[in-house]
>>> print(open('target35.pdb').read())   # PDB, C-alpha atoms
ATOM      1  CA  MET A   1      21.223  15.496  25.939
ATOM      2  CA  VAL A   2      21.100  11.869  24.855
ATOM      3  CA  TYR A   3      17.332  12.145  24.470
ATOM      4  CA  THR A   4      17.860  14.754  21.759
ATOM      5  CA  GLN A   5      20.097  12.357  19.830
ATOM      6  CA  LEU A   6      17.463   9.625  20.119
ATOM      7  CA  LEU A   7      14.953  12.027  18.576
ATOM      8  CA  HIS A   8      17.213  13.670  15.991
ATOM      9  CA  SER A   9      20.420  12.099  14.693
ATOM     10  CA  SER A  10      21.614   9.719  11.988
ATOM     11  CA  LEU A  11      20.528   6.832  14.220
ATOM     12  CA  ASP A  12      17.424   8.338  15.780
ATOM     13  CA  ALA A  13      14.294   6.300  16.512
ATOM     14  CA  ASP A  14      12.298   7.723  13.615
ATOM     15  CA  ARG A  15      14.939   6.980  10.974
ATOM     16  CA  LEU A  16      15.435   3.468  12.271
ATOM     17  CA  ASP A  17      11.685   2.921  12.096
ATOM     18  CA  TYR A  18      10.629   4.508   8.805
ATOM     19  CA  LEU A  19      13.244   2.706   6.693
ATOM     20  CA  LEU A  20      11.757  -0.682   7.546
ATOM     21  CA  ARG A  21       8.192   0.609   7.499
ATOM     22  CA  ASP A  22       8.506   2.306   4.122
ATOM     23  CA  SER A  23      10.239  -0.726   2.642
ATOM     24  CA  TYR A  24       7.307  -2.878   3.706
ATOM     25  CA  GLN A  25       4.676  -0.411   2.483
ATOM     26  CA  THR A  26       6.297   0.263  -0.905
ATOM     27  CA  GLY A  27       7.643  -3.208  -1.594
ATOM     28  CA  VAL A  28      11.240  -2.088  -2.153
ATOM     29  CA  LYS A  29      14.081  -3.916  -0.407
ATOM     30  CA  TYR A  30      16.421  -1.046   0.448
ATOM     31  CA  GLY A  31      15.375  -0.943   4.087
ATOM     32  CA  LEU A  32      15.966  -4.567   5.049
ATOM     33  CA  VAL A  33      18.579  -3.860   7.720
ATOM     34  CA  ASP A  34      19.223  -5.849  10.896
ATOM     35  CA  LEU A  35      17.416  -3.430  13.194
ATOM     36  CA  GLN A  36      17.563  -5.547  16.362
ATOM     37  CA  TYR A  37      21.316  -6.003  16.076
ATOM     38  CA  LEU A  38      21.805  -2.323  15.301
ATOM     39  CA  VAL A  39      19.849  -1.291  18.416
ATOM     40  CA  ARG A  40      21.944  -3.655  20.569
ATOM     41  CA  LEU A  41      25.085  -1.959  19.306
ATOM     42  CA  LEU A  42      24.012   1.478  20.537
ATOM     43  CA  MET A  43      25.317   2.812  23.834
ATOM     44  CA  VAL A  44      25.644   6.036  25.792
ATOM     45  CA  VAL A  45      29.208   7.117  26.465
ATOM     46  CA  GLU A  46      31.120  10.133  27.747
ATOM     47  CA  GLY A  47      31.991  12.124  24.651
ATOM     48  CA  PRO A  48      33.116  15.498  23.316
ATOM     49  CA  ALA A  49      31.329  18.653  24.410
ATOM     50  CA  LEU A  50      28.450  18.318  21.965
ATOM     51  CA  THR A  51      25.790  18.195  24.665
ATOM     52  CA  GLU A  52      25.259  19.760  28.068
ATOM     53  CA  ASN A  53      26.335  16.648  29.993
ATOM     54  CA  ASN A  54      28.950  15.462  27.459
ATOM     55  CA  LYS A  55      27.080  12.193  26.893
ATOM     56  CA  VAL A  56      26.671  11.014  23.312
ATOM     57  CA  LEU A  57      24.930   8.168  21.538
ATOM     58  CA  ALA A  58      27.536   5.904  19.946
ATOM     59  CA  CYS A  59      27.755   2.532  18.243
ATOM     60  CA  ASN A  60      30.013  -0.331  19.243
ATOM     61  CA  LYS A  61      32.881  -0.176  16.748
ATOM     62  CA  LYS A  62      32.865  -3.968  16.323
ATOM     63  CA  GLY A  63      29.485  -3.733  14.630
ATOM     64  CA  GLN A  64      30.101  -0.720  12.436
ATOM     65  CA  HIS A  65      29.288  -2.641   9.240
ATOM     66  CA  VAL A  66      25.624  -2.913  10.164
ATOM     67  CA  VAL A  67      25.567   0.880  10.598
ATOM     68  CA  GLU A  68      27.212   1.292   7.197
ATOM     69  CA  HIS A  69      24.548  -0.966   5.719
ATOM     70  CA  PHE A  70      21.876   1.196   7.330
ATOM     71  CA  LEU A  71      23.342   4.465   6.012
ATOM     72  CA  MET A  72      23.760   3.109   2.488
ATOM     73  CA  SER A  73      20.223   1.684   2.551
ATOM     74  CA  ARG A  74      18.861   5.043   3.666
ATOM     75  CA  TYR A  75      20.761   6.802   0.881
ATOM     76  CA  PHE A  76      19.215   4.580  -1.793
ATOM     77  CA  HIS A  77      15.840   4.746  -0.068
ATOM     78  CA  TYR A  78      15.848   8.538  -0.281
ATOM     79  CA  SER A  79      16.921   8.622  -3.919
ATOM     80  CA  GLN A  80      14.554   5.868  -5.120
ATOM     81  CA  VAL A  81      11.524   6.163  -2.809
ATOM     82  CA  ILE A  82      11.306   9.438  -0.868
ATOM     83  CA  PHE A  83      12.320  11.556  -3.868
ATOM     84  CA  HIS A  84      10.800   9.374  -6.566
ATOM     85  CA  LYS A  85       9.320  11.643  -9.248
ATOM     86  CA  THR A  86       5.740  10.534  -8.552
ATOM     87  CA  ASN A  87       6.023  11.024  -4.801
ATOM     88  CA  ALA A  88       7.846  14.350  -5.202
ATOM     89  CA  SER A  89       5.380  15.737  -7.744
ATOM     90  CA  PHE A  90       2.320  14.981  -5.623
ATOM     91  CA  GLU A  91       4.051  16.414  -2.565
ATOM     92  CA  GLY A  92       4.710  19.598  -4.520
ATOM     93  CA  MET A  93       1.057  19.832  -5.559
ATOM     94  CA  ILE A  94      -0.117  19.401  -1.966
ATOM     95  CA  LYS A  95       2.297  22.110  -0.810
ATOM     96  CA  CYS A  96       0.897  24.521  -3.393
ATOM     97  CA  MET A  97      -2.690  23.760  -2.345
ATOM     98  CA  TYR A  98      -1.790  24.051   1.327
ATOM     99  CA  ILE A  99      -0.237  27.493   0.790
ATOM    100  CA  LYS A 100      -3.358  28.682  -1.031
ATOM    101  CA  LEU A 101      -5.546  27.213   1.699
ATOM    102  CA  VAL A 102      -3.641  29.001   4.468
ATOM    103  CA  GLN A 103      -3.556  32.288   2.546
ATOM    104  CA  SER A 104      -7.345  32.114   2.100
ATOM    105  CA  GLY A 105      -7.894  31.939   5.872
ATOM    106  CA  ASN A 106      -9.837  28.680   5.535
ATOM    107  CA  PHE A 107      -7.525  26.451   7.541
ATOM    108  CA  LEU A 108      -6.979  25.568  11.173
ATOM    109  CA  TYR A 109      -3.779  27.631  11.390
ATOM    110  CA  ASP A 110      -2.697  30.700   9.472
ATOM    111  CA  SER A 111       1.052  30.605  10.138
ATOM    112  CA  LEU A 112       3.948  28.469  11.365
ATOM    113  CA  GLU A 113       4.109  30.573  14.516
ATOM    114  CA  GLU A 114       0.479  29.784  15.281
ATOM    115  CA  ILE A 115       1.168  26.070  14.852
ATOM    116  CA  GLN A 116       4.133  26.248  17.236
ATOM    117  CA  GLU A 117       2.115  28.156  19.829
ATOM    118  CA  SER A 118      -0.708  25.588  19.687
ATOM    119  CA  VAL A 119       1.341  22.392  19.967
ATOM    120  CA  ASN A 120       0.129  21.708  23.518
ATOM    121  CA  ASP A 121      -3.503  22.640  22.826
ATOM    122  CA  GLU A 122      -6.249  20.104  22.219
ATOM    123  CA  LYS A 123      -6.957  21.766  18.867
ATOM    124  CA  PHE A 124      -3.565  20.618  17.642
ATOM    125  CA  LEU A 125      -4.759  16.993  17.789
ATOM    126  CA  LYS A 126      -7.026  17.760  14.811
ATOM    127  CA  PHE A 127      -4.013  18.727  12.723
ATOM    128  CA  ASN A 128      -3.538  15.389  10.899
ATOM    129  CA  ASP A 129      -3.673  13.957   7.369
ATOM    130  CA  SER A 130      -7.413  13.349   7.450
ATOM    131  CA  PHE A 131      -8.136  16.903   8.564
ATOM    132  CA  LEU A 132      -5.970  18.298   5.754
ATOM    133  CA  GLU A 133      -7.689  16.043   3.207
ATOM    134  CA  VAL A 134     -11.141  17.254   4.273
ATOM    135  CA  SER A 135     -10.006  20.900   4.332
ATOM    136  CA  LEU A 136      -8.613  20.655   0.802
ATOM    137  CA  LYS A 137     -11.897  19.216  -0.466
ATOM    138  CA  GLU A 138     -14.065  21.795   1.340
ATOM    139  CA  TYR A 139     -12.047  24.671  -0.078
ATOM    140  CA  TYR A 140     -12.269  23.139  -3.565
ATOM    141  CA  ASP A 141     -16.074  23.108  -3.312
ATOM    142  CA  LYS A 142     -16.355  26.813  -2.542
ATOM    143  CA  THR A 143     -13.346  28.577  -4.078
ATOM    144  CA  GLU A 144     -13.279  30.467  -7.371
ATOM    145  CA  ASP A 145      -9.524  29.979  -7.680
ATOM    146  CA  GLU A 146      -9.152  28.071 -10.955
ATOM    147  CA  GLU A 147      -5.498  27.299 -10.282
ATOM    148  CA  TYR A 148      -6.430  25.636  -7.006
ATOM    149  CA  LYS A 149      -9.276  23.735  -8.639
ATOM    150  CA  ARG A 150      -6.949  22.375 -11.316
ATOM    151  CA  LEU A 151      -4.389  21.288  -8.715
ATOM    152  CA  TYR A 152      -7.026  19.570  -6.624
ATOM    153  CA  GLU A 153      -8.575  17.768  -9.597
ATOM    154  CA  MET A 154      -5.177  16.437 -10.646
ATOM    155  CA  TYR A 155      -4.491  15.360  -7.075
ATOM    156  CA  ARG A 156      -7.947  13.767  -6.748
ATOM    157  CA  ASP A 157      -7.626  11.920 -10.065
ATOM    158  CA  ARG A 158      -4.005  10.926  -9.363
ATOM    159  CA  ILE A 159      -2.623  12.821 -12.356
ATOM    160  CA  ARG A 160       0.874  14.004 -11.543
ATOM    161  CA  PRO A 161       2.767  16.859 -13.217
ATOM    162  CA  LYS A 162       4.902  15.800 -16.171
ATOM    163  CA  VAL A 163       8.671  15.630 -15.718
ATOM    164  CA  VAL A 164      10.098  17.361 -18.800
ATOM    165  CA  PHE A 165      13.755  17.460 -17.768
ATOM    166  CA  GLU A 166      15.907  15.727 -15.171
ATOM    167  CA  LEU A 167      19.593  16.053 -14.418
ATOM    168  CA  LYS A 168      21.626  14.174 -11.816
ATOM    169  CA  ASP A 169      25.124  14.763 -10.515
ATOM    170  CA  LEU A 170      27.534  13.227  -8.011
ATOM    171  CA  TYR A 171      30.393  15.434  -6.941
ATOM    172  CA  GLU A 172      32.891  16.089  -4.169
ATOM    173  CA  ASP A 173      33.881  19.741  -4.477
ATOM    174  CA  SER A 174      31.606  21.332  -7.076
ATOM    175  CA  PRO A 175      28.914  20.165  -9.498
ATOM    176  CA  SER A 176      29.416  19.734 -13.235
ATOM    177  CA  GLN A 177      29.149  22.801 -15.441
ATOM    178  CA  GLU A 178      25.805  21.700 -16.920
ATOM    179  CA  PHE A 179      24.335  21.140 -13.466
ATOM    180  CA  ALA A 180      25.586  24.483 -12.148
ATOM    181  CA  VAL A 181      24.269  26.365 -15.203
ATOM    182  CA  LEU A 182      20.814  24.789 -14.960
ATOM    183  CA  LYS A 183      20.581  25.572 -11.235
ATOM    184  CA  TRP A 184      21.582  29.184 -11.912
ATOM    185  CA  LYS A 185      19.077  29.561 -14.757
ATOM    186  CA  LEU A 186      16.234  28.184 -12.642
ATOM    187  CA  LYS A 187      16.944  30.512  -9.725
ATOM    188  CA  LYS A 188      18.075  33.671 -11.514
ATOM    189  CA  ASN A 189      16.443  33.576 -14.938
ATOM    190  CA  PRO A 190      13.348  31.344 -14.882
ATOM    191  CA  GLU A 191      11.752  33.357 -17.712
ATOM    192  CA  ILE A 192      13.919  31.432 -20.180
ATOM    193  CA  ILE A 193      12.409  28.130 -19.039
ATOM    194  CA  THR A 194       8.921  29.655 -19.311
ATOM    195  CA  GLN A 195       9.665  30.605 -22.918
ATOM    196  CA  ILE A 196      10.940  27.110 -23.736
ATOM    197  CA  ILE A 197       7.932  25.390 -22.184
ATOM    198  CA  GLY A 198       5.447  27.924 -23.548
ATOM    199  CA  SER A 199       3.667  28.181 -20.206
ATOM    200  CA  ASP A 200       4.242  29.534 -16.722
ATOM    201  CA  ARG A 201       2.608  26.464 -15.170
ATOM    202  CA  TRP A 202       5.844  24.722 -14.286
ATOM    203  CA  GLY A 203       8.090  24.218 -11.275
ATOM    204  CA  TYR A 204      11.343  22.615 -10.315
ATOM    205  CA  GLN A 205      12.881  20.575  -7.541
ATOM    206  CA  ILE A 206      16.524  20.575  -6.432
ATOM    207  CA  VAL A 207      17.363  17.762  -4.017
ATOM    208  CA  PRO A 208      20.762  17.105  -2.370
ATOM    209  CA  ILE A 209      21.395  13.713  -0.736
ATOM    210  CA  THR A 210      24.461  12.890   1.370
ATOM    211  CA  ILE A 211      25.674   9.725   3.076
ATOM    212  CA  GLU A 212      26.872  11.410   6.258
ATOM    213  CA  LYS A 213      26.715  14.829   7.870
ATOM    214  CA  ILE A 214      30.433  15.531   8.172
ATOM    215  CA  HIS A 215      33.608  15.371   6.075
ATOM    216  CA  ASN A 216      35.780  12.272   6.454
ATOM    217  CA  SER A 217      38.739  14.352   7.641
ATOM    218  CA  TYR A 218      36.893  15.692  10.672
ATOM    219  CA  ARG A 219      38.155  14.668  14.096
ATOM    220  CA  VAL A 220      36.352  14.464  17.446
ATOM    221  CA  THR A 221      38.798  16.917  19.025
ATOM    222  CA  GLU A 222      37.991  19.686  16.510
ATOM    223  CA  LYS A 223      35.376  22.277  17.484
ATOM    224  CA  ASN A 224      34.879  24.327  14.316
ATOM    225  CA  ALA A 225      32.187  22.254  12.606
ATOM    226  CA  ASP A 226      28.459  22.794  12.858
ATOM    227  CA  GLN A 227      27.357  21.514  16.269
ATOM    228  CA  GLU A 228      24.107  20.061  14.951
ATOM    229  CA  ASP A 229      25.945  18.132  12.244
ATOM    230  CA  LEU A 230      28.323  16.774  14.884
ATOM    231  CA  ARG A 231      25.454  15.599  17.067
ATOM    232  CA  GLU A 232      23.781  13.894  14.105
ATOM    233  CA  ALA A 233      26.894  12.162  12.766
ATOM    234  CA  VAL A 234      27.427   8.497  13.631
ATOM    235  CA  LYS A 235      29.999   7.963  16.377
ATOM    236  CA  LEU A 236      31.896   4.735  17.054
ATOM    237  CA  TYR A 237      33.063   3.600  20.483
ATOM    238  CA  ASP A 238      36.039   1.276  20.816
ATOM    239  CA  LYS A 239      35.644  -0.617  24.112
ATOM    240  CA  ASP A 240      39.283  -1.666  24.142
ATOM    241  CA  SER A 241      40.831   1.785  23.753
ATOM    242  CA  LYS A 242      37.843   3.629  25.313
ATOM    243  CA  LYS A 243      37.968   6.104  22.410
ATOM    244  CA  ILE A 244      35.214   7.712  20.367
ATOM    245  CA  SER A 245      35.602   8.408  16.661
ATOM    246  CA  TYR A 246      33.364   9.397  13.765
ATOM    247  CA  LEU A 247      32.324   6.698  11.317
ATOM    248  CA  ALA A 248      33.013   9.123   8.466
ATOM    249  CA  GLY A 249      36.636   9.329   9.626
ATOM    250  CA  ASP A 250      37.321   5.592   9.797
ATOM    251  CA  ARG A 251      39.683   4.792   6.912
ATOM    252  CA  LEU A 252      38.391   1.206   6.721
ATOM    253  CA  SER A 253      34.785   2.317   6.368
ATOM    254  CA  ILE A 254      33.113   2.543   2.969
ATOM    255  CA  VAL A 255      31.136   5.469   4.371
ATOM    256  CA  SER A 256      34.376   7.417   4.859
ATOM    257  CA  LYS A 257      35.066   7.116   1.123
ATOM    258  CA  LEU A 258      31.654   8.566   0.277
ATOM    259  CA  ALA A 259      31.163  11.060   3.117
ATOM    260  CA  ASN A 260      32.596  13.942   1.088
ATOM    261  CA  TYR A 261      30.323  13.342  -1.880
ATOM    262  CA  LYS A 262      26.937  14.879  -2.530
ATOM    263  CA  SER A 263      24.368  13.363  -4.847
ATOM    264  CA  GLU A 264      22.081  16.014  -6.261
ATOM    265  CA  PHE A 265      19.347  16.085  -8.868
ATOM    266  CA  ILE A 266      17.131  18.640 -10.558
ATOM    267  CA  ARG A 267      13.680  17.960 -11.953
ATOM    268  CA  ILE A 268      11.532  20.339 -13.973
ATOM    269  CA  PHE A 269       7.793  19.617 -13.824
ATOM    270  CA  VAL A 270       4.998  20.927 -16.035
ATOM    271  CA  LEU A 271       1.439  21.221 -14.807
ATOM    272  CA  GLU A 272      -0.343  20.260 -18.000
ATOM    273  CA  GLU A 273      -3.203  22.476 -19.098
ATOM    274  CA  LYS A 274      -6.336  20.872 -20.493
ATOM    275  CA  GLU A 275      -6.469  20.559 -24.290
ATOM    276  CA  LYS A 276      -2.962  22.021 -24.664
ATOM    277  CA  LYS A 277      -0.431  19.979 -26.635
ATOM    278  CA  TYR A 278       3.194  19.867 -25.522
ATOM    279  CA  ASN A 279       6.219  18.874 -27.585
ATOM    280  CA  TYR A 280       8.169  17.263 -24.774
ATOM    281  CA  GLU A 281      11.032  16.121 -26.979
ATOM    282  CA  LYS A 282      11.605  19.689 -28.167
ATOM    283  CA  ILE A 283      11.354  21.052 -24.616
ATOM    284  CA  HIS A 284      13.988  18.563 -23.485
ATOM    285  CA  ARG A 285      16.271  19.402 -26.422
ATOM    286  CA  ASP A 286      15.933  23.153 -25.865
ATOM    287  CA  ILE A 287      16.738  22.930 -22.138
ATOM    288  CA  LYS A 288      19.696  20.681 -22.928
ATOM    289  CA  ALA A 289      20.946  23.183 -25.495
ATOM    290  CA  LEU A 290      20.497  26.010 -22.995
ATOM    291  CA  ILE A 291      22.867  24.475 -20.453
ATOM    292  CA  THR A 292      25.467  23.162 -22.920
ATOM    293  CA  SER A 293      25.822  26.202 -25.184
TER     294      SER A 293
END
>>> encode(input="target35.pdb", output="structure tokens")
Amino acid sequence: MVYTQLLHSSLDADRLDYLLRDSYQTGVKYGLVDLQYLVRLLMVVEGPALTENNKVLACNKKGQHVVEHFLMSRYFHYSQVIFHKTNASFEGMIKCMYIKLVQSGNFLYDSLEEIQESVNDEKFLKFNDSFLEVSLKEYYDKTEDEEYKRLYEMYRDRIRPKVVFELKDLYEDSPSQEFAVLKWKLKKNPEIITQIIGSDRWGYQIVPITIEKIHNSYRVTEKNADQEDLREAVKLYDKDSKKISYLAGDRLSIVSKLANYKSEFIRIFVLEEKEKKYNYEKIHRDIKALITS
């Protein structure tokens, strides 16, 4: 259904809104796209069998450059704002506290299934940022969990975990050897990182960012790609030829040149213990040596 594409696609209402909103709130300029013009370009047309009624949300091909601007802006917005190390580290801390809160039985819901079952209940209206903030504080006041207390105090005092190592990569087929080795070590042999840091109070983040959902060689007539990716991908409609095509497949589009690439980065964070000294230069050197040896 078209409504589904308005709620979840590369050009859905939320993505069109938060780019401008976040740009205003954070002061960065990545999201300054011509939203009104972009909305005027959108149309509903008869398309491939991606939905029950074969209707898809498409963009007038004559205005594809404004869509390209939007996609590129969103790419930089994700890499520089959404996944900024400060934002990502605090988000990770809140996730850890939330998990502990749910496991303790001191929260509104005890599982994802319970949340889904309660979506239409009045109780669900309480499930907002303010409620979570109060719940975190109440649990801090009564728990004996020292790990939780430390997390909450850092969150309360706006002290983020320290980034001790960061590695970025941009690739088409496979990541660089260093990137692949570090990812493998983190997932399969994290004890080595614990030894290097001298503490088990650390974590990592692996974030992939892409320009578009599909490969630039994909065609509308093909049916072997992931259906959700096809629904999300930007589609162009040529009024003259009455044809629909994917933006990622347009040879004159800058997006088509980048659609096959994935930008990915890894960050290793340390949750600093009180009165413990860390040799961050040595930690960085040792991790670097680990993945290059």
>>> resolve_selection(input="target35.pdb", expression="the PyMOL selection byres ((chain A and resi 180-184) around 12)", output="PyMOL selection string")
chain A and resi 165-169+171+174-179+185-190+192-193+204-207+264-268+287-293
>>> atom_distance(input="target35.pdb", atom1="atom CA of A:Phe269", atom2="atom CA of A:Asp200")
10.9 Å
>>> closest_atom_pairs(input="target35.pdb", of="stretch 20-134 of chain A", to="stretch 6-9 of chain A", cutoff="12 Å", atoms="all atoms listed in the file", output="tab-separated table")
residue	atom	partner	partner_atom	distance
A:Val39	CA	A:Leu6	CA	11.3
A:Leu42	CA	A:Leu6	CA	10.5
A:Met43	CA	A:Leu6	CA	11.0
A:Val44	CA	A:Leu6	CA	10.6
A:Val56	CA	A:Leu6	CA	9.8
A:Leu57	CA	A:Leu6	CA	7.7
A:Ala58	CA	A:Leu6	CA	10.7
A:Leu71	CA	A:Ser9	CA	11.9
>>> resolve_selection(input="target35.pdb", expression="the PyMOL selection byres ((chain A and resi 132-136) around 10)", output="PyMOL selection string")
chain A and resi 94+97-98+100-101+106-108+126-131+137-141+148-149+152
>>> atom_distance(input="target35.pdb", atom1="atom CA of A:Leu247", atom2="atom CA of A:Tyr24")
27.8 Å
>>> resolve_selection(input="target35.pdb", expression="the PyMOL selection byres ((chain A and resi 34) around 10)", output="list in words")
Leu20, Gly31, Leu32, Val33, Leu35, Gln36, Tyr37, Leu38, Val39, Val66, Val67, His69 and Phe70 of chain A
>>> closest_residue(input="target35.pdb", among="A:Lys162, A:Leu151, A:Asp12, A:His284", to="A:Ala233", atoms="only C-alpha atoms")
A:Asp12
>>> atom_distance(input="target35.pdb", atom1="atom CA of A:Val270", atom2="atom CA of A:Arg201")
6.1 Å
>>> residues_around(input="target35.pdb", residues="stretch 251-262 of chain A", least_positions_apart="5", cutoff="9 Å", atoms="only C-alpha atoms", output="PyMOL selection string")
chain A and resi 64-65+68+71-72+169-173+175+208-217
>>> decode(input="target35.pdb", residues="stretch 102-121 of chain A", atoms="N, CA and C atoms", output="PDB file, in the first residue's frame")
ATOM      1  N   VAL A 102      14.692  -3.269  32.900  1.00  0.00           N
ATOM      2  CA  VAL A 102      13.691  -4.256  32.496  1.00  0.00           C
ATOM      3  C   VAL A 102      13.935  -5.590  33.199  1.00  0.00           C
ATOM      4  N   GLN A 103      15.203  -6.009  33.260  1.00  0.00           N
ATOM      5  CA  GLN A 103      15.530  -7.283  33.896  1.00  0.00           C
ATOM      6  C   GLN A 103      15.200  -7.273  35.389  1.00  0.00           C
ATOM      7  N   SER A 104      15.206  -6.104  36.012  1.00  0.00           N
ATOM      8  CA  SER A 104      14.922  -6.002  37.442  1.00  0.00           C
ATOM      9  C   SER A 104      13.427  -6.074  37.745  1.00  0.00           C
ATOM     10  N   GLY A 105      12.592  -5.934  36.693  1.00  0.00           N
ATOM     11  CA  GLY A 105      11.146  -5.949  36.895  1.00  0.00           C
ATOM     12  C   GLY A 105      10.601  -4.638  37.421  1.00  0.00           C
ATOM     13  N   ASN A 106      11.386  -3.558  37.279  1.00  0.00           N
ATOM     14  CA  ASN A 106      10.968  -2.255  37.809  1.00  0.00           C
ATOM     15  C   ASN A 106      10.551  -1.282  36.707  1.00  0.00           C
ATOM     16  N   PHE A 107      10.084  -1.813  35.590  1.00  0.00           N
ATOM     17  CA  PHE A 107       9.695  -0.929  34.497  1.00  0.00           C
ATOM     18  C   PHE A 107       8.281  -1.257  34.049  1.00  0.00           C
ATOM     19  N   LEU A 108       7.744  -0.378  33.231  1.00  0.00           N
ATOM     20  CA  LEU A 108       6.362  -0.503  32.774  1.00  0.00           C
ATOM     21  C   LEU A 108       6.138  -1.805  32.012  1.00  0.00           C
ATOM     22  N   TYR A 109       7.109  -2.175  31.175  1.00  0.00           N
ATOM     23  CA  TYR A 109       7.011  -3.405  30.386  1.00  0.00           C
ATOM     24  C   TYR A 109       8.229  -4.279  30.637  1.00  0.00           C
ATOM     25  N   ASP A 110       8.039  -5.570  30.546  1.00  0.00           N
ATOM     26  CA  ASP A 110       9.122  -6.509  30.804  1.00  0.00           C
ATOM     27  C   ASP A 110       9.679  -7.151  29.536  1.00  0.00           C
ATOM     28  N   SER A 111       9.042  -6.916  28.387  1.00  0.00           N
ATOM     29  CA  SER A 111       9.511  -7.538  27.157  1.00  0.00           C
ATOM     30  C   SER A 111       8.982  -6.772  25.950  1.00  0.00           C
ATOM     31  N   LEU A 112       9.603  -7.019  24.791  1.00  0.00           N
ATOM     32  CA  LEU A 112       9.147  -6.412  23.544  1.00  0.00           C
ATOM     33  C   LEU A 112       7.744  -6.889  23.210  1.00  0.00           C
ATOM     34  N   GLU A 113       7.470  -8.152  23.476  1.00  0.00           N
ATOM     35  CA  GLU A 113       6.141  -8.695  23.181  1.00  0.00           C
ATOM     36  C   GLU A 113       5.067  -7.967  23.985  1.00  0.00           C
ATOM     37  N   GLU A 114       5.375  -7.666  25.228  1.00  0.00           N
ATOM     38  CA  GLU A 114       4.417  -6.959  26.079  1.00  0.00           C
ATOM     39  C   GLU A 114       4.166  -5.544  25.563  1.00  0.00           C
ATOM     40  N   ILE A 115       5.211  -4.911  25.052  1.00  0.00           N
ATOM     41  CA  ILE A 115       5.055  -3.575  24.466  1.00  0.00           C
ATOM     42  C   ILE A 115       4.129  -3.649  23.257  1.00  0.00           C
ATOM     43  N   GLN A 116       4.376  -4.627  22.383  1.00  0.00           N
ATOM     44  CA  GLN A 116       3.574  -4.765  21.164  1.00  0.00           C
ATOM     45  C   GLN A 116       2.112  -5.050  21.487  1.00  0.00           C
ATOM     46  N   GLU A 117       1.878  -5.858  22.514  1.00  0.00           N
ATOM     47  CA  GLU A 117       0.509  -6.198  22.892  1.00  0.00           C
ATOM     48  C   GLU A 117      -0.228  -5.019  23.520  1.00  0.00           C
ATOM     49  N   SER A 118       0.511  -4.041  24.037  1.00  0.00           N
ATOM     50  CA  SER A 118      -0.105  -2.927  24.766  1.00  0.00           C
ATOM     51  C   SER A 118      -0.190  -1.638  23.959  1.00  0.00           C
ATOM     52  N   VAL A 119       0.172  -1.692  22.684  1.00  0.00           N
ATOM     53  CA  VAL A 119       0.220  -0.478  21.868  1.00  0.00           C
ATOM     54  C   VAL A 119      -1.104   0.287  21.883  1.00  0.00           C
ATOM     55  N   ASN A 120      -2.212  -0.399  21.885  1.00  0.00           N
ATOM     56  CA  ASN A 120      -3.521   0.267  21.839  1.00  0.00           C
ATOM     57  C   ASN A 120      -4.111   0.542  23.229  1.00  0.00           C
ATOM     58  N   ASP A 121      -3.371   0.228  24.271  1.00  0.00           N
ATOM     59  CA  ASP A 121      -3.861   0.464  25.631  1.00  0.00           C
ATOM     60  C   ASP A 121      -3.498   1.869  26.100  1.00  0.00           C
TER      61      ASP A 121
END
